[in-house]
Structures are given as C-alpha cells and as structure tokens.
Amino acid sequence: MILDTAKYAGPCDCGRVHELRTKLVVCEYGAMDKFDDYMAECGLSGFRTVIYDTNTYALPALRHISAGQEIVLKAEGLHSEKGMIEDMMKQLERTPDYIVVVGSGTLMDFGRYSAFKLGTPFVAVPTLVSADGFTANICSIIIDGQKQSIPMQAPDAVICDLNVVSGAPRFLTIAGVQDILAKHISIADWKIAHLVSGEYFCERVCNMAQESLDLMTRCALELAEGKEPDFEAMAYAQMLSGLTMQMLSHSRAASGAEHLIAHLVEMKPRGFENAHGIHGECVGVGTIICAREYHELAKRESVETLPFKPLDEDWVREIFGPLADGVLAENRNDVLSTFDPAEIERRWPEIREIISKIPDADELTDLFVAIGAKHSLEELGIDASLGREVLAISAAIRNRLTLCRMERLISGCGI
C-alpha cells in the first residue's frame, strides 16, 4: 500500500491551506528492497547518515542500506531528551544530504530534531507499529525535566517494510493498537473544546483521525477474535494519524487528556515515582480512565459552572516538586480563562452527545484484556491510591482544553 498524501493537502473548507512535507508513505512487504528507488522518486541523493539503535541494527528481517555514515546508539536507557539528542548530533562526521532513521518512536524524535536543526531532509524507516508519530512533525521530548511537544520536521518519506514490523514482539504491536484507540478521547476533547471556546476545528483532519480510529478498531476486534494481526491496516492507521499532526502542526486530533498519562510516566511526579510502560500502553490506560470519567459526567442532565481560578500553586509544588516551575509556566496563560464557563452549561446536551460516542470503560477494558493489553494504573506502576487525582495531575501538565481540564469549571467535580 502506498498512501496518497497529496489528497489531504491544499486549500480546505476550514479556511486554511494544509501543507504536507511527507510526499511518500510506503507500507508493503519487502519495501526495503526498493529503498533506493523510493529515494530517487523523492529526489533524495548524496551522502546519507543512517541512525539505528543497538536493537534495530540487529533485527534479523531488516535489510541494511548503504550509508555514508552509520550511527548506532545504545538502546538501553535511550529516551527522547534534548541533551541526549544533541549529544548524538556531535557524532555526525559532516552535515548529511539526508538522514535516515531506522527504529520506532524514540529514534524518530532524534531524526525530527536533528533534521530540523540541520535543515536537511530525513526519511523514517519504522521497525514497529507501536505509535503514530512516524509521519508527524511533532517532537515530544524532555526539556529541563518536563515533557514538551514542539513542532520539528516531518519526514520526506516513510518506508515501512511489513516484513520487519511483523517480526516485532506482540506487546509492542498491541501498544500501537492502544495508541490509535486513544483517539476516542482526543477526538471528543477537540470537538468539545470547539463547542465551548470556539477553538479552531477542521472537519477534514478530524475525519482522518476518525478513519484511523475506525480502521484500528476493526483490527483490534479481529485480534480479540484470535485472528492474525493485519499489519498493513495497522500501519496505515498509524501513518494517517501522524499526518493529522503534520497538517495542524500540533497533535490536537491525535492527543487529548488520555495522552498525558504517558507524559507523567516519564516526568515522574508524586505517585509516579515507580511508573513504567511504553507510550501506547500508557495512553491506553489513560483512555480507559478518561472514558470512565467522561461517561460519569454525562450522567448529569445539566451542570453548573464556576468562575475560573488559576491552579493552586501550593498544590502544584506539592505534586511536582522540582518540576513545579515548569508546570506553573505552562499554565500561566490558562486556556480555561479564555472563554465564558457558562458555555459549558449551554452546550451540555451536545457535550453529552459527543461523550455517548465513546465506548464505556468496561467495554474498552474487556477489549484490552482480550488482546493482551495493559488496562490499569497498577500495571504501569502508578500509585492507585491517587484515584481521580491522576486526572487533575495530568491535566495540569499541558495547557490544552480537554474535558478533564474543564472539570475545574464544573461544580461538584472537585478532586
């Protein structure tokens, strides 16, 4: 399957002109056999630096490509941290004509960041279908201890060899399923934010996210029935979701309240000291938690709202400790202060209708159990005694309008 990215770009009914740097997305068995042909098709030639980690370099199904320079990073302890990426860049013998990154989500951040800083193209070669960032231009990295999502550079091409990704451990494939099923929450959060605040919304991009979600839901149900994974469909869903980020230059359609659990696992505030888990696992658990909370809210036929109040600084410092200054800075221009809380009351019937489209927490849990996916805070090493406070903690780390964040404006939602 070759994804036609051109059909998503250009003028849109939303009033914007969507641009896509990624011109070629290939998801086929044996795709690496034609790698040089694909590079020629994209107009990429010359000195290329190929970046691996020690795990991806040793993959038995991977066909290594010729390189002017190979960089093989130690996989153990590798994570998306600004200093670690800049240390890798010091290994470059020269500025390459283009960079090729062979790996999964973490390594892709190394490629996006490096290509952006150097002003050079880069090509993504996924070795897993465990997350949706391969076609994105968003780099989620740790800067001064705080997880931040910042615009960087999208790949010029993505060459996904299904012979390679199909050989990945099962739990990594399942994590990729969870990362896309999380769109149940992110799509709802975006629609609700648009309703109450007038935040920009694009039907084309939302429909792409929904198509990705629908396709991965089908794949998940087939897995639950004991069928073999449809790696082509899974890869397509991941690539399509990543393109939504590129079209918006942010992750609004792909990342809502549910994704913030994954950021907390890396930041490790109070209650998360022993937290662990890969990205998809964490957002999968976040999806269940948010679904439970949202459906509980939707049982109310109406709501009363409260005046906006900034986050309590003492609470922030108690929870986040040395990270508190960064969290407080993130919330300095709180999005909750930008609209009339009464809009939540006025739009409540429509909000309830949006929530009704989200599977309930028990349905999601049953599906995750059936496919062998993580589904509880305890499985991530998160202190279960935090209870609903997990939602308040996660909502504090990103100044994005989600229903979880709006709970600060809804009477009776105090945590």
# chains A, B, ... in the order shown; residues from 1 in each chain; ligands from 1
>>> residues_around(residues="Leu240 in chain A", least_positions_apart="5", cutoff="9 Å", atoms="only C-alpha atoms", output="PDB file with N, CA and C atoms, in the first residue's frame")
ATOM      1  N   LEU A   3       0.427   5.251   0.372  1.00  0.00           N
ATOM      2  CA  LEU A   3      -0.541   6.244   0.812  1.00  0.00           C
ATOM      3  C   LEU A   3      -0.398   7.518  -0.016  1.00  0.00           C
ATOM      4  N   THR A   5      -0.594  10.975  -0.079  1.00  0.00           N
ATOM      5  CA  THR A   5      -0.678  12.093   0.865  1.00  0.00           C
ATOM      6  C   THR A   5      -1.193  13.363   0.195  1.00  0.00           C
ATOM      7  N   ASP A 132       1.999   6.486  16.590  1.00  0.00           N
ATOM      8  CA  ASP A 132       1.556   7.146  15.364  1.00  0.00           C
ATOM      9  C   ASP A 132       2.412   8.333  14.955  1.00  0.00           C
ATOM     10  N   THR A 135       4.784   9.796  10.726  1.00  0.00           N
ATOM     11  CA  THR A 135       4.530  10.814   9.702  1.00  0.00           C
ATOM     12  C   THR A 135       4.316  12.201  10.311  1.00  0.00           C
ATOM     13  N   MET A 208      -9.955  12.344   9.167  1.00  0.00           N
ATOM     14  CA  MET A 208      -8.772  11.485   9.029  1.00  0.00           C
ATOM     15  C   MET A 208      -8.486  10.736  10.324  1.00  0.00           C
ATOM     16  N   ALA A 209      -8.568  11.461  11.453  1.00  0.00           N
ATOM     17  CA  ALA A 209      -8.365  10.812  12.748  1.00  0.00           C
ATOM     18  C   ALA A 209      -9.419   9.742  12.993  1.00  0.00           C
ATOM     19  N   GLU A 211     -11.068   8.055  10.663  1.00  0.00           N
ATOM     20  CA  GLU A 211     -10.785   6.921   9.774  1.00  0.00           C
ATOM     21  C   GLU A 211      -9.703   6.029  10.376  1.00  0.00           C
ATOM     22  N   SER A 212      -8.669   6.656  10.920  1.00  0.00           N
ATOM     23  CA  SER A 212      -7.608   5.906  11.577  1.00  0.00           C
ATOM     24  C   SER A 212      -8.163   5.091  12.748  1.00  0.00           C
ATOM     25  N   ALA A 235      -0.471  -0.311  10.085  1.00  0.00           N
ATOM     26  CA  ALA A 235       0.498   0.696   9.672  1.00  0.00           C
ATOM     27  C   ALA A 235      -0.202   1.877   9.009  1.00  0.00           C
TER      28      ALA A 235
END
>>> select_by_dssp(residues="range 106-187 of chain A", states="helix (DSSP H, G or I)", output="MDAnalysis selection string")
chainID A and resid 106:118 162:165 170:181 183:187
>>> select_by_dssp(residues="range 3-208 of chain A", states="strand (DSSP E)", output="CSV table (one decimal) with N, CA and C atoms, in the first residue's frame")
chain,number,residue,atom,x,y,z
A,3,LEU,N,0.4,5.3,0.4
A,3,LEU,CA,-0.5,6.2,0.8
A,3,LEU,C,-0.4,7.5,0.0
A,10,GLY,N,-3.5,21.0,0.7
A,10,GLY,CA,-4.1,22.0,-0.1
A,10,GLY,C,-5.2,22.8,0.6
A,11,PRO,N,-5.9,23.7,-0.1
A,11,PRO,CA,-7.0,24.5,0.5
A,11,PRO,C,-8.1,23.6,1.1
A,17,VAL,N,-4.9,26.4,4.4
A,17,VAL,CA,-4.2,25.6,3.4
A,17,VAL,C,-3.3,24.6,4.1
A,18,HIS,N,-3.6,23.4,4.0
A,18,HIS,CA,-2.8,22.3,4.7
A,18,HIS,C,-1.6,21.9,3.9
A,24,LEU,N,5.8,10.7,0.3
A,24,LEU,CA,5.7,9.3,0.0
A,24,LEU,C,5.6,8.5,1.3
A,25,VAL,N,4.6,7.6,1.4
A,25,VAL,CA,4.4,6.7,2.5
A,25,VAL,C,4.2,5.3,1.9
A,26,VAL,N,5.1,4.4,2.2
A,26,VAL,CA,5.0,3.0,1.6
A,26,VAL,C,4.9,2.1,2.8
A,27,CYS,N,3.9,1.2,2.8
A,27,CYS,CA,3.7,0.2,3.8
A,27,CYS,C,3.4,-1.1,3.0
A,28,GLU,N,4.5,-1.8,2.7
A,28,GLU,CA,4.5,-3.0,1.9
A,28,GLU,C,5.5,-4.1,2.4
A,48,ARG,N,24.3,10.1,2.9
A,48,ARG,CA,23.2,9.9,3.9
A,48,ARG,C,23.8,9.3,5.1
A,49,THR,N,23.3,9.8,6.3
A,49,THR,CA,23.6,9.2,7.6
A,49,THR,C,22.4,8.4,8.0
A,50,VAL,N,22.7,7.1,8.4
A,50,VAL,CA,21.6,6.2,8.8
A,50,VAL,C,21.8,6.0,10.3
A,51,ILE,N,20.7,6.3,11.1
A,51,ILE,CA,20.8,6.2,12.5
A,51,ILE,C,19.9,5.0,13.0
A,52,TYR,N,20.6,4.1,13.8
A,52,TYR,CA,19.9,2.9,14.4
A,52,TYR,C,20.1,3.0,15.9
A,53,ASP,N,19.5,2.1,16.6
A,53,ASP,CA,19.9,1.8,18.0
A,53,ASP,C,20.4,0.3,17.9
A,69,GLN,N,27.5,7.3,6.5
A,69,GLN,CA,27.9,7.1,8.0
A,69,GLN,C,26.7,6.4,8.6
A,70,GLU,N,27.1,5.5,9.5
A,70,GLU,CA,26.1,4.8,10.3
A,70,GLU,C,26.4,5.2,11.8
A,71,ILE,N,25.3,5.6,12.5
A,71,ILE,CA,25.4,5.8,13.9
A,71,ILE,C,24.5,4.8,14.6
A,72,VAL,N,25.0,4.1,15.5
A,72,VAL,CA,24.3,3.0,16.3
A,72,VAL,C,24.3,3.4,17.7
A,73,LEU,N,23.1,3.9,18.2
A,73,LEU,CA,23.0,4.3,19.6
A,73,LEU,C,22.7,3.1,20.5
A,98,TYR,N,20.9,13.9,3.6
A,98,TYR,CA,19.7,13.5,4.2
A,98,TYR,C,20.0,12.4,5.3
A,99,ILE,N,19.1,12.4,6.2
A,99,ILE,CA,19.2,11.4,7.4
A,99,ILE,C,18.1,10.3,7.2
A,100,VAL,N,18.5,9.1,7.5
A,100,VAL,CA,17.6,8.0,7.5
A,100,VAL,C,17.6,7.5,9.0
A,101,VAL,N,16.4,7.3,9.5
A,101,VAL,CA,16.3,6.8,10.9
A,101,VAL,C,15.5,5.5,10.9
A,102,VAL,N,16.2,4.5,11.4
A,102,VAL,CA,15.6,3.1,11.4
A,102,VAL,C,15.3,2.8,12.9
A,103,GLY,N,14.0,2.8,13.2
A,103,GLY,CA,13.6,2.5,14.5
A,103,GLY,C,12.1,2.8,14.8
A,122,PHE,N,14.8,14.2,6.1
A,122,PHE,CA,15.0,12.9,6.7
A,122,PHE,C,14.0,11.9,6.3
A,123,VAL,N,14.3,10.6,6.4
A,123,VAL,CA,13.5,9.5,6.0
A,123,VAL,C,13.3,8.6,7.2
A,124,ALA,N,12.0,8.2,7.4
A,124,ALA,CA,11.7,7.3,8.5
A,124,ALA,C,11.5,5.9,8.0
A,125,VAL,N,12.2,5.0,8.7
A,125,VAL,CA,12.0,3.5,8.4
A,125,VAL,C,11.5,2.9,9.7
A,126,PRO,N,10.2,2.7,9.9
A,126,PRO,CA,9.7,2.2,11.1
A,126,PRO,C,10.1,0.7,11.3
A,138,ILE,N,5.8,16.6,14.9
A,138,ILE,CA,5.8,17.0,16.3
A,138,ILE,C,6.9,16.1,17.0
A,139,CYS,N,7.7,16.8,17.8
A,139,CYS,CA,8.7,16.1,18.6
A,139,CYS,C,8.4,16.2,20.1
A,140,SER,N,8.1,15.0,20.7
A,140,SER,CA,7.8,15.0,22.1
A,140,SER,C,9.1,14.6,22.9
A,141,ILE,N,9.7,15.7,23.5
A,141,ILE,CA,11.0,15.4,24.1
A,141,ILE,C,11.0,16.1,25.5
A,142,ILE,N,11.9,15.6,26.3
A,142,ILE,CA,12.0,16.1,27.7
A,142,ILE,C,13.0,17.3,27.7
A,143,ILE,N,12.6,18.4,28.1
A,143,ILE,CA,13.5,19.6,28.2
A,143,ILE,C,13.4,20.1,29.7
A,146,GLN,N,10.8,18.4,31.9
A,146,GLN,CA,9.4,18.4,31.5
A,146,GLN,C,9.1,18.0,30.1
A,147,LYS,N,8.1,17.1,29.9
A,147,LYS,CA,7.8,16.6,28.6
A,147,LYS,C,7.1,17.7,27.8
A,148,GLN,N,7.6,18.0,26.6
A,148,GLN,CA,7.1,19.0,25.8
A,148,GLN,C,6.9,18.5,24.4
A,149,SER,N,5.8,18.9,23.7
A,149,SER,CA,5.6,18.6,22.4
A,149,SER,C,5.8,19.8,21.5
A,150,ILE,N,6.8,19.8,20.7
A,150,ILE,CA,7.2,21.0,19.9
A,150,ILE,C,7.3,20.7,18.4
A,151,PRO,N,6.9,21.6,17.6
A,151,PRO,CA,7.0,21.4,16.1
A,151,PRO,C,8.5,21.2,15.7
A,157,ALA,N,9.8,11.1,3.5
A,157,ALA,CA,9.3,9.8,3.1
A,157,ALA,C,9.3,8.8,4.3
A,158,VAL,N,8.3,7.9,4.3
A,158,VAL,CA,8.3,6.8,5.3
A,158,VAL,C,8.2,5.5,4.5
A,159,ILE,N,9.2,4.7,4.8
A,159,ILE,CA,9.3,3.4,4.1
A,159,ILE,C,9.1,2.3,5.2
A,160,CYS,N,7.9,1.7,5.2
A,160,CYS,CA,7.6,0.8,6.3
A,160,CYS,C,7.6,-0.6,5.7
A,161,ASP,N,8.6,-1.4,6.0
A,161,ASP,CA,8.6,-2.8,5.5
A,161,ASP,C,7.9,-3.7,6.4
>>> closest_atom_pairs(of="range 301-403 of chain A", to="range 258-277 of chain A", cutoff="10 Å", atoms="only C-alpha atoms", output="Markdown table")
| residue | atom | partner | partner_atom | distance |
| --- | --- | --- | --- | --- |
| A:Glu318 | CA | A:Arg270 | CA | 8.0 |
| A:Ile319 | CA | A:Arg270 | CA | 5.2 |
| A:Phe320 | CA | A:Pro269 | CA | 4.9 |
| A:Gly321 | CA | A:Pro269 | CA | 7.2 |
| A:Pro322 | CA | A:Pro269 | CA | 9.0 |
| A:Leu323 | CA | A:Pro269 | CA | 7.9 |
| A:Ala324 | CA | A:Pro269 | CA | 9.4 |
| A:Lys374 | CA | A:Gly277 | CA | 9.1 |
| A:Leu377 | CA | A:Ala275 | CA | 8.8 |
| A:Glu378 | CA | A:Ala275 | CA | 8.9 |
| A:Glu379 | CA | A:Gly277 | CA | 8.4 |
| A:Leu380 | CA | A:His276 | CA | 5.2 |
| A:Gly381 | CA | A:Ala275 | CA | 4.4 |
| A:Ile382 | CA | A:Ala275 | CA | 5.1 |
| A:Asp383 | CA | A:Gly271 | CA | 5.1 |
| A:Ala384 | CA | A:Gly271 | CA | 8.4 |
| A:Ser385 | CA | A:Gly271 | CA | 8.5 |
| A:Leu386 | CA | A:Gly271 | CA | 7.0 |
| A:Val390 | CA | A:Ile261 | CA | 8.0 |
| A:Leu391 | CA | A:Ile261 | CA | 8.4 |
| A:Ile393 | CA | A:Leu264 | CA | 8.4 |
| A:Ser394 | CA | A:Leu260 | CA | 5.4 |
| A:Ala395 | CA | A:Leu260 | CA | 7.1 |
| A:Ala396 | CA | A:Leu260 | CA | 9.2 |
| A:Ile397 | CA | A:Leu260 | CA | 7.5 |
| A:Arg398 | CA | A:Leu260 | CA | 7.7 |
| A:Thr402 | CA | A:Glu258 | CA | 9.6 |
>>> write_last_selection(atoms="N, CA and C atoms", output="CSV table (one decimal), in the first residue's frame")
chain,number,residue,atom,x,y,z
A,318,GLU,N,3.5,20.8,45.6
A,318,GLU,CA,3.5,19.5,46.4
A,318,GLU,C,3.5,18.3,45.4
A,319,ILE,N,2.8,18.4,44.3
A,319,ILE,CA,2.8,17.3,43.4
A,319,ILE,C,4.0,17.2,42.5
A,320,PHE,N,4.5,18.3,42.0
A,320,PHE,CA,5.5,18.2,41.0
A,320,PHE,C,6.9,18.5,41.5
A,321,GLY,N,7.1,19.0,42.7
A,321,GLY,CA,8.4,19.2,43.3
A,321,GLY,C,9.3,20.1,42.4
A,322,PRO,N,10.4,19.6,42.0
A,322,PRO,CA,11.4,20.4,41.2
A,322,PRO,C,10.9,20.7,39.8
A,323,LEU,N,9.8,20.0,39.4
A,323,LEU,CA,9.2,20.3,38.1
A,323,LEU,C,8.2,21.4,38.1
A,324,ALA,N,7.9,21.9,39.3
A,324,ALA,CA,6.7,22.8,39.5
A,324,ALA,C,6.8,24.1,38.8
A,374,LYS,N,-2.3,-3.8,28.4
A,374,LYS,CA,-2.4,-3.2,29.8
A,374,LYS,C,-3.6,-2.4,29.9
A,377,LEU,N,-3.9,1.3,36.2
A,377,LEU,CA,-2.8,2.1,36.7
A,377,LEU,C,-1.7,1.2,37.4
A,378,GLU,N,-2.2,0.2,38.1
A,378,GLU,CA,-1.3,-0.7,38.8
A,378,GLU,C,-0.3,-1.4,37.8
A,379,GLU,N,-0.8,-1.8,36.6
A,379,GLU,CA,0.1,-2.4,35.6
A,379,GLU,C,1.2,-1.4,35.2
A,380,LEU,N,1.0,-0.2,35.3
A,380,LEU,CA,2.0,0.8,35.0
A,380,LEU,C,2.9,1.3,36.1
A,381,GLY,N,2.6,0.7,37.3
A,381,GLY,CA,3.4,1.1,38.5
A,381,GLY,C,3.0,2.4,39.1
A,382,ILE,N,1.8,2.9,38.8
A,382,ILE,CA,1.3,4.1,39.3
A,382,ILE,C,0.5,3.9,40.5
A,383,ASP,N,0.7,4.7,41.5
A,383,ASP,CA,0.0,4.6,42.8
A,383,ASP,C,-1.5,4.7,42.6
A,384,ALA,N,-2.2,3.6,42.8
A,384,ALA,CA,-3.6,3.5,42.5
A,384,ALA,C,-4.4,4.3,43.6
A,385,SER,N,-3.8,4.6,44.7
A,385,SER,CA,-4.5,5.4,45.7
A,385,SER,C,-4.7,6.9,45.3
A,386,LEU,N,-4.0,7.3,44.2
A,386,LEU,CA,-4.3,8.6,43.7
A,386,LEU,C,-5.7,8.8,43.1
A,390,VAL,N,-5.3,11.5,39.6
A,390,VAL,CA,-4.5,11.3,38.4
A,390,VAL,C,-4.9,12.2,37.2
A,391,LEU,N,-6.2,12.4,37.1
A,391,LEU,CA,-6.8,13.2,36.0
A,391,LEU,C,-6.4,14.7,36.2
A,393,ILE,N,-3.8,15.8,38.0
A,393,ILE,CA,-2.4,15.9,37.8
A,393,ILE,C,-2.0,16.0,36.3
A,394,SER,N,-2.6,15.1,35.6
A,394,SER,CA,-2.3,15.0,34.2
A,394,SER,C,-2.8,16.3,33.4
A,395,ALA,N,-3.9,16.8,33.8
A,395,ALA,CA,-4.5,18.0,33.1
A,395,ALA,C,-3.6,19.2,33.3
A,396,ALA,N,-2.8,19.2,34.4
A,396,ALA,CA,-2.0,20.3,34.7
A,396,ALA,C,-0.8,20.5,33.9
A,397,ILE,N,-0.3,19.4,33.2
A,397,ILE,CA,1.0,19.5,32.6
A,397,ILE,C,0.9,20.0,31.1
A,398,ARG,N,-0.3,20.1,30.6
A,398,ARG,CA,-0.4,20.7,29.2
A,398,ARG,C,-1.6,21.7,29.2
A,402,THR,N,-9.2,20.3,27.4
A,402,THR,CA,-9.9,19.0,27.4
A,402,THR,C,-11.0,19.0,28.4
>>> atom_distance(atom1="CA of Met239 in chain A", atom2="CA of Glu199 in chain A")
25.2 Å
>>> atom_distance(atom1="CA of His184 in chain A", atom2="CA of Asp334 in chain A")
24.6 Å
>>> closest_atom_pairs(of="range 340-394 of chain A", to="range 165-176 of chain A", cutoff="12 Å", atoms="only C-alpha atoms", output="JSON lines")
{"residue": "A:Leu367", "atom": "CA", "partner": "A:Ile174", "partner_atom": "CA", "distance": 11.3}
{"residue": "A:Phe368", "atom": "CA", "partner": "A:Ile174", "partner_atom": "CA", "distance": 8.9}
{"residue": "A:Val369", "atom": "CA", "partner": "A:Ile174", "partner_atom": "CA", "distance": 10.9}
{"residue": "A:Ala370", "atom": "CA", "partner": "A:Ile174", "partner_atom": "CA", "distance": 10.9}
{"residue": "A:Ile371", "atom": "CA", "partner": "A:Ile174", "partner_atom": "CA", "distance": 7.3}
{"residue": "A:Gly372", "atom": "CA", "partner": "A:Ile174", "partner_atom": "CA", "distance": 7.5}
{"residue": "A:Ala373", "atom": "CA", "partner": "A:Ile174", "partner_atom": "CA", "distance": 6.2}
{"residue": "A:Lys374", "atom": "CA", "partner": "A:Ala175", "partner_atom": "CA", "distance": 8.5}
{"residue": "A:His375", "atom": "CA", "partner": "A:Ala175", "partner_atom": "CA", "distance": 11.0}
>>> residues_around(residues="Ala361 in chain A", least_positions_apart="6", cutoff="7 Å", atoms="only C-alpha atoms", output="JSON, numbers by chain")
{"A": [288, 291, 292]}
>>> closest_residue(among="A:Pro60, A:Met216, A:Asp325, A:Arg332", to="Pro229 in chain A", atoms="only C-alpha atoms")
A:Met216
>>> closest_residue(among="A:Met234, A:Tyr113, A:Asp87, A:Met108", to="Glu222 in chain A", atoms="only C-alpha atoms")
A:Met234
>>> closest_residue(among="A:Ile358, A:Glu389, A:Glu345, A:Ala253", to="Thr287 in chain A", atoms="only C-alpha atoms")
A:Ile358
>>> closest_residue(among="A:Val164, A:Asp340, A:Gly280, A:His295", to="Ser356 in chain A", atoms="only C-alpha atoms")
A:His295
>>> atom_distance(atom1="CA of Gly43 in chain A", atom2="CA of Gly111 in chain A")
18.7 Å
>>> closest_residue(among="A:Phe134, A:Ser104, A:Cys202, A:Ala254", to="Asp189 in chain A", atoms="only C-alpha atoms")
A:Ala254
